[in-house]
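Trainee: Contents of work.cif (mmCIF, C-alpha atoms):
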```cif
data_coords
loop_
_atom_site.label_atom_id
_atom_site.label_comp_id
_atom_site.auth_asym_id
_atom_site.auth_seq_id
_atom_site.Cartn_x
_atom_site.Cartn_y
_atom_site.Cartn_z
CA MET A 1044 96.82 -58.61 -191.91
CA SER A 1045 96.62 -56.91 -195.17
CA ALA A 1046 99.27 -55.44 -197.39
CA ARG A 1047 97.28 -52.24 -197.07
CA SER A 1048 97.34 -52.09 -193.24
CA LEU A 1049 101.09 -52.75 -193.17
CA ASN A 1050 101.73 -50.12 -195.83
CA GLU A 1051 99.50 -47.60 -194.03
CA SER A 1052 101.19 -48.18 -190.68
CA ALA A 1053 104.68 -47.85 -192.17
CA THR A 1054 103.66 -44.71 -194.05
CA ALA A 1055 102.19 -43.14 -190.90
CA LEU A 1056 105.35 -43.88 -188.87
CA LEU A 1057 107.63 -42.50 -191.57
CA THR A 1058 105.47 -39.41 -191.99
CA GLU A 1059 105.81 -38.67 -188.26
CA PHE A 1060 109.54 -39.51 -188.08
CA ARG A 1061 112.13 -36.81 -188.78
CA GLY A 1062 115.67 -37.59 -189.86
CA ARG A 1063 118.53 -36.32 -187.70
CA ASN A 1064 120.58 -35.29 -190.70
CA ASP A 1065 120.30 -34.91 -194.48
CA ALA A 1066 121.16 -38.56 -195.17
CA GLU A 1067 118.56 -39.93 -192.75
CA GLU A 1068 115.93 -37.48 -193.98
CA SER A 1069 116.69 -38.50 -197.57
CA LEU A 1070 116.27 -42.18 -196.62
CA ARG A 1071 112.96 -41.39 -194.88
CA LEU A 1072 111.64 -39.62 -197.98
CA THR A 1073 112.88 -42.44 -200.22
CA LEU A 1074 111.05 -45.00 -198.08
CA LEU A 1075 107.86 -42.94 -198.24
CA ALA A 1076 108.14 -42.74 -202.03
CA PHE A 1077 108.75 -46.50 -202.17
CA LEU A 1078 105.64 -47.23 -200.10
CA GLY A 1079 103.60 -44.85 -202.24
CA SER A 1080 104.59 -46.73 -205.39
CA ALA A 1081 104.58 -50.29 -203.99
CA PRO A 1082 101.28 -51.30 -202.34
CA ASP A 1083 102.79 -54.75 -201.58
CA GLY A 1084 106.12 -53.27 -200.49
CA CYS A 1085 105.83 -54.58 -196.93
CA LEU A 1086 105.60 -58.19 -198.08
CA ARG A 1087 108.59 -60.37 -198.86
CA LYS A 1088 107.03 -61.34 -202.20
CA HIS A 1089 107.90 -57.83 -203.46
CA VAL A 1090 111.15 -58.97 -205.09
CA PRO A 1091 112.84 -55.60 -205.85
CA GLY A 1092 112.81 -54.87 -202.11
CA HIS A 1093 110.54 -54.87 -199.11
CA ILE A 1094 110.01 -53.25 -195.74
CA THR A 1095 111.30 -55.29 -192.81
CA ALA A 1096 110.81 -54.73 -189.07
CA SER A 1097 113.63 -54.90 -186.53
CA ALA A 1098 113.91 -54.61 -182.77
CA LEU A 1099 116.80 -53.35 -180.69
CA VAL A 1100 116.10 -55.38 -177.54
CA MET A 1101 117.59 -53.81 -174.42
CA ASP A 1102 117.17 -54.62 -170.76
CA ASP A 1103 115.12 -52.10 -168.77
CA ASN A 1104 118.31 -50.56 -167.36
CA HIS A 1105 119.82 -50.00 -170.84
CA GLU A 1106 122.96 -51.82 -169.71
CA LYS A 1107 122.67 -54.77 -172.09
CA VAL A 1108 121.52 -55.40 -175.65
CA LEU A 1109 120.29 -58.73 -177.03
CA LEU A 1110 121.95 -59.59 -180.32
CA THR A 1111 121.69 -62.50 -182.72
CA LEU A 1112 124.52 -63.99 -184.75
CA HIS A 1113 122.67 -63.95 -188.04
CA PRO A 1114 123.34 -66.98 -190.29
CA LYS A 1115 123.15 -65.06 -193.60
CA VAL A 1116 124.74 -61.81 -192.48
CA GLY A 1117 127.47 -63.55 -190.46
CA LYS A 1118 127.53 -60.77 -187.85
CA TRP A 1119 125.93 -59.93 -184.52
CA ILE A 1120 122.91 -57.73 -185.25
CA GLN A 1121 119.57 -56.70 -183.75
CA LEU A 1122 116.57 -59.02 -184.00
CA GLY A 1123 114.02 -58.66 -186.77
CA GLY A 1124 112.78 -59.79 -190.12
CA HIS A 1125 109.91 -60.02 -192.58
CA CYS A 1126 106.32 -58.99 -192.09
CA GLU A 1127 103.90 -61.93 -191.92
CA LYS A 1128 100.22 -62.46 -192.61
CA SER A 1129 99.45 -62.25 -188.88
CA ASP A 1130 100.90 -58.73 -188.58
CA GLU A 1131 98.41 -55.89 -188.71
CA THR A 1132 101.10 -53.19 -188.40
CA ILE A 1133 104.86 -52.77 -188.69
CA VAL A 1134 105.04 -52.40 -184.89
CA ASP A 1135 103.27 -55.77 -184.58
CA ALA A 1136 105.82 -57.30 -186.97
CA ALA A 1137 108.80 -55.96 -185.00
CA LEU A 1138 107.41 -57.23 -181.68
CA ARG A 1139 106.54 -60.63 -183.14
CA GLU A 1140 110.02 -60.99 -184.64
CA ALA A 1141 111.67 -60.00 -181.35
CA THR A 1142 109.51 -62.46 -179.41
CA GLU A 1143 110.06 -65.34 -181.88
CA GLU A 1144 113.80 -64.79 -182.19
CA SER A 1145 114.45 -64.20 -178.47
CA GLY A 1146 112.03 -66.66 -176.89
CA ILE A 1147 111.13 -63.92 -174.38
CA GLU A 1148 107.35 -63.59 -174.04
CA ASP A 1149 106.83 -60.32 -172.15
CA LEU A 1150 108.76 -57.85 -174.29
CA ARG A 1151 107.52 -54.25 -174.49
CA ILE A 1152 107.90 -52.17 -177.64
CA ASP A 1153 108.15 -48.41 -178.02
CA PRO A 1154 105.85 -47.80 -181.01
CA LYS A 1155 107.87 -44.84 -182.32
CA LEU A 1156 110.50 -45.47 -184.97
CA LEU A 1157 114.02 -45.57 -183.57
CA HIS A 1158 116.16 -45.96 -186.69
CA LEU A 1159 116.04 -46.50 -190.47
CA HIS A 1160 118.37 -48.67 -192.52
CA THR A 1161 118.57 -50.23 -195.97
CA HIS A 1162 120.83 -53.05 -197.09
CA PRO A 1163 121.14 -55.54 -199.94
CA ILE A 1164 120.63 -59.20 -199.03
CA THR A 1165 119.69 -62.55 -200.48
CA CYS A 1166 116.88 -63.44 -198.09
CA SER A 1167 114.35 -66.27 -198.13
CA LEU A 1168 113.39 -65.34 -201.70
CA GLY A 1169 116.67 -66.89 -202.83
CA VAL A 1170 117.50 -63.92 -205.06
CA PRO A 1171 119.24 -60.63 -204.32
CA THR A 1172 116.84 -58.04 -202.94
CA ARG A 1173 116.92 -55.05 -200.63
CA HIS A 1174 115.62 -54.84 -197.07
CA LEU A 1175 114.20 -51.46 -196.14
CA ASP A 1176 114.38 -51.80 -192.38
CA LEU A 1177 112.23 -49.92 -189.87
CA ARG A 1178 113.76 -50.34 -186.41
CA PHE A 1179 112.15 -50.06 -182.98
CA LEU A 1180 113.27 -50.07 -179.35
CA VAL A 1181 112.07 -53.07 -177.34
CA HIS A 1182 112.54 -53.59 -173.60
CA ALA A 1183 113.03 -56.82 -171.67
CA ARG A 1184 113.25 -57.51 -167.95
CA PRO A 1185 116.88 -57.43 -166.74
CA ASP A 1186 116.64 -61.14 -165.81
CA ALA A 1187 115.04 -62.24 -169.12
CA GLN A 1188 116.61 -65.43 -170.46
CA PRO A 1189 116.68 -65.71 -174.26
CA VAL A 1190 116.23 -69.01 -176.09
CA ILE A 1191 118.00 -69.53 -179.43
CA SER A 1192 115.59 -70.04 -182.32
CA ASN A 1193 116.25 -71.74 -185.65
CA GLU A 1194 116.80 -68.26 -187.13
CA SER A 1195 120.03 -67.67 -185.18
CA VAL A 1196 123.45 -69.24 -185.00
CA ASP A 1197 123.75 -67.74 -181.51
CA LEU A 1198 121.87 -65.31 -179.29
CA ALA A 1199 123.35 -63.41 -176.34
CA TRP A 1200 123.09 -60.40 -174.09
CA TRP A 1201 126.01 -58.00 -174.56
CA PRO A 1202 126.99 -55.10 -172.30
CA ILE A 1203 126.49 -51.92 -174.33
CA ASP A 1204 130.08 -50.90 -173.59
CA ALA A 1205 131.51 -54.29 -174.67
CA LEU A 1206 129.82 -55.21 -177.95
CA PRO A 1207 131.16 -58.15 -179.97
CA GLU A 1208 133.88 -57.44 -182.51
CA ASN A 1209 131.98 -59.26 -185.27
CA ARG A 1210 129.02 -56.84 -185.31
CA GLU A 1211 127.43 -54.35 -187.63
CA ALA A 1212 129.82 -51.70 -186.30
CA GLY A 1213 128.65 -48.14 -186.15
CA VAL A 1214 125.01 -49.00 -186.81
CA LEU A 1215 124.51 -50.78 -183.47
CA GLU A 1216 126.24 -48.00 -181.58
CA ASP A 1217 124.02 -45.45 -183.33
CA MET A 1218 120.85 -47.33 -182.39
CA ILE A 1219 122.00 -47.71 -178.77
CA ALA A 1220 122.76 -43.98 -178.55
CA LEU A 1221 119.28 -43.20 -179.92
CA ALA A 1222 117.70 -45.61 -177.43
CA ASN A 1223 119.60 -44.06 -174.52
CA ALA A 1224 118.50 -40.58 -175.62
CA ARG A 1225 114.84 -41.58 -175.19
#
```
Kindly present the structure from the file in structure tokens form.
Mentor:
Amino acid sequence: MSARSLNESATALLTEFRGRNDAEESLRLTLLAFLGSAPDGCLRKHVPGHITASALVMDDNHEKVLLTLHPKVGKWIQLGGHCEKSDETIVDAALREATEESGIEDLRIDPKLLHLHTHPITCSLGVPTRHLDLRFLVHARPDAQPVISNESVDLAWWPIDALPENREAGVLEDMIALANAR
């Protein structure tokens, strides 16, 4: 891994991606400007903010979504997290995070960006920062059994038409709609 390869892969994905509306296109352009000015912007050590990689894990039939009850966020959200030294690309980071957090070994990732998001958080740095999240669609076998990792309070499959009340409302539904449109 190098900060350069992560930055280059994120830049290439964002250059290819097109926002669905003015707000999403503005976020895409903001992320590109961020990456252009922050060579280490994909690494958690970049305190003002850093690129993170997330995975919306769905079963092959798109009937269920795997969500984690995140200990810091306190809500059911998609899997994902920080880029690591072993990650050559942002896609690699998203797949690694999904595999580590789900315990499912044979996940398959769609390498095209699904969704963009930014949010303030106090992550492992211990200080307030901003996650600039690049999100991908990941598929699992319908019978895949997740195993809770130390990064989750809970982990469960949810029917896409019966999501938990304590979720990142609106954002999850948007990602699921985008996934189903593929």
Trainee: Might you spell out which residues the PyMOL selection byres ((chain A and resi 1190) around 9) would select in the displayed file, as a list in words?
Mentor: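 Those residues are Glu1144, Ser1145, Gly1146, Ile1147, Gln1188, Pro1189, Ile1191, Ser1192 and Leu1198 of chain A.
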Trainee: Written as a count of residues only, which residues does the PyMOL selection byres ((chain A and resi 1053) around 9) give for the file shown?
Mentor: 18
Trainee: Leaving out stretch 1210-1213 of chain A and any residue of its chain fewer than 2 positions from it, which residues lie within 6 Å of it when counting all atoms listed in the file, given as a ChimeraX atom specification?
Mentor: /A:1118-1119,1207-1208,1215-1216
Trainee: Smallest atom-to-atom distance to A:Trp1200: which of A:Pro1091, A:Pro1185, A:Pro1114, A:Gly1079, using all atoms listed in the file?
Mentor: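 The answer is A:Pro1185, which sits nearest to A:Trp1200.
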Trainee: Fewer than 4 positions away in the same chain doesn't count, so skip those; otherwise give me all residues within 9 Å of A:Thr1161, counting all atoms listed in the file, as a list in words.
Mentor: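 Those residues are Leu1070, Arg1173, His1174, Leu1175, Asp1176 and Leu1177 of chain A.
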Trainee: Since I can't run it myself right now, could you work out what the PyMOL selection byres ((chain A and resi 1220) around 12) selects here and report it as a compact mmCIF listing (two decimals) with C-alpha atoms, keeping the file's coordinate frame?
Mentor:
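Below is the file that was written, expr27.txt:
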```
# COMPACT_ATOMS: atom_id res chain seq x y z
CA LEU A 1099 116.80 -53.35 -180.69
CA MET A 1101 117.59 -53.81 -174.42
CA HIS A 1105 119.82 -50.00 -170.84
CA GLU A 1106 122.96 -51.82 -169.71
CA VAL A 1108 121.52 -55.40 -175.65
CA LEU A 1157 114.02 -45.57 -183.57
CA HIS A 1158 116.16 -45.96 -186.69
CA LEU A 1180 113.27 -50.07 -179.35
CA ILE A 1203 126.49 -51.92 -174.33
CA ASP A 1204 130.08 -50.90 -173.59
CA GLY A 1213 128.65 -48.14 -186.15
CA VAL A 1214 125.01 -49.00 -186.81
CA LEU A 1215 124.51 -50.78 -183.47
CA GLU A 1216 126.24 -48.00 -181.58
CA ASP A 1217 124.02 -45.45 -183.33
CA MET A 1218 120.85 -47.33 -182.39
CA ILE A 1219 122.00 -47.71 -178.77
CA LEU A 1221 119.28 -43.20 -179.92
CA ALA A 1222 117.70 -45.61 -177.43
CA ASN A 1223 119.60 -44.06 -174.52
CA ALA A 1224 118.50 -40.58 -175.62
CA ARG A 1225 114.84 -41.58 -175.19
```
Trainee: Which of these residues is nearest to A:Asp1135, using all atoms listed in the file: A:Ala1096, A:Lys1155, A:Ala1205, A:Leu1122?
Mentor: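 Going through A:Ala1096, A:Lys1155, A:Ala1205, A:Leu1122 one by one, the smallest distance to A:Asp1135 is for A:Ala1096.
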Trainee: Excluding A:Gly1169 and residues on its chain fewer than 6 positions from it, collect all residues at most 12 Å away from it, counting all atoms listed in the file, and give them as a list in words.
Mentor: Arg1087, Lys1088, Val1090 and Lys1115 of chain A
Trainee: By how many Å are atom CA of A:Ile1152 and atom CA of A:Val1181 apart?
Mentor: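 According to the coordinates, atom CA of A:Ile1152 and atom CA of A:Val1181 are separated by 4.3 Å.
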Trainee: Which one is closest to A:His1160: A:Arg1061, A:Arg1047, A:Arg1071, A:Lys1128? Count all atoms listed in the file.
Mentor: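 Closest candidate: A:Arg1071.
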Trainee: Determine, counting all atoms listed in the file, which protein, DNA and RNA residues have an atom within 6 Å of an atom of A:Ser1195; residues of the same chain fewer than 4 positions away are not included. Present the result as a PyMOL selection string.
Mentor: chain A and resi 1111-1113
Trainee: With all atoms listed in the file as the basis for distance, which of A:Ala1136, A:Leu1150, A:Ala1199, A:Ala1066 is at the shortest distance from A:Ser1097?
Mentor: A:Ala1136
Trainee: Select, from A:Asn1104, A:Thr1165, A:Thr1095, A:Thr1172, the residue with the minimum atom-to-atom distance to A:Leu1138, counting only C-alpha atoms.
Mentor: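 Counting only C-alpha atoms, the residue closest to A:Leu1138 is A:Thr1095.
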Trainee: Just the number, please: distance in Å from atom CA of A:Ala1141 to atom CA of A:Thr1073, one decimal.
Mentor: 25.8 Å
Trainee: Calculated over all atoms listed in the file, which of the candidates A:Asp1102, A:Glu1059, A:Ala1046, A:Ser1167 has the smallest distance to A:Ala1081?
Mentor: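 Nearest candidate to A:Ala1081 out of A:Asp1102, A:Glu1059, A:Ala1046, A:Ser1167: A:Ala1046.
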Trainee: I'd like the interatomic distance between atom CA of A:Arg1151 and atom CA of A:Asn1209, to a tenth of an Å.
Mentor: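 Going from atom CA of A:Arg1151 over to atom CA of A:Asn1209, I get 27.2 Å.
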